[in-house]
Amino acid sequence: MLALGLVLNTLGIGLFCWAIFALAVHALPFFIALNVGMIAFQGGAGLLGALLVGTGSGALMLVVGQFTLAAGRSLILRILIATAFSIPAAVAGYQVALALSHIGVPSPAWRQVFACMGAVCTCCTAWARLMALAETCPLEPNGQAAKLSQPAPATAGHKR
């Protein structure tokens, strides 16, 4: 029974860590959805209206951010958008790692070290996931999109 408990705990922690890294990109849209939903609720929209407004604003933020990142040609714009998405992910990673380190780490200094490592890992993961969206065709020096050379179509003719 002890071995089964250890295996299941290891799988559970692994699943939890995977979920944290998979959802790291969505920290900024979640933050915006939560704040807009709370503002709508306090403004008298009711529970259902606040949920709808919050969900819509978070989804809109995610779609606009990812579309702008993928379609934007400016390197500075891409860096700004990726930074705007990565910083809340780093804060979320810090808080999760700090909370988990309270379980098994008695030293406050080591808790902070683990929390900072969690923040850096989560931020880098969110950055890498966002930069995967930014793969577009290269630009020519005049700012136009470069036409990628394509191989000539094979003809079914024979030699003379």
# chains A, B, ... in the order shown; residues from 1 in each chain; ligands from 1
call {"tool": "residues_around", "arguments": {"residues": "Asn35 of chain A", "least_positions_apart": "2", "cutoff": "12 Å", "atoms": "only C-alpha atoms", "output": "PyMOL selection string"}}
result
chain A and resi 28-33+37-42+50-51+53-55+57-58
call {"tool": "residues_around", "arguments": {"residues": "Thr68 of chain A", "least_positions_apart": "2", "cutoff": "10 Å", "atoms": "only C-alpha atoms", "output": "PyMOL selection string"}}
result
chain A and resi 62-66+70-73+77-78+81+133-134
call {"tool": "residues_around", "arguments": {"residues": "Gln112 of chain A", "least_positions_apart": "2", "cutoff": "12 Å", "atoms": "only C-alpha atoms", "output": "PyMOL selection string"}}
result
chain A and resi 94-102+105-110+114-119
call {"tool": "atom_distance", "arguments": {"atom1": "atom CA of Ala90 of chain A", "atom2": "atom CA of Ala126 of chain A"}}
result
8.4 Å
call {"tool": "atom_distance", "arguments": {"atom1": "atom CA of Leu75 of chain A", "atom2": "atom CA of Ala128 of chain A"}}
result
15.1 Å
call {"tool": "atom_distance", "arguments": {"atom1": "atom CA of Ala84 of chain A", "atom2": "atom CA of Ala19 of chain A"}}
result
20.5 Å
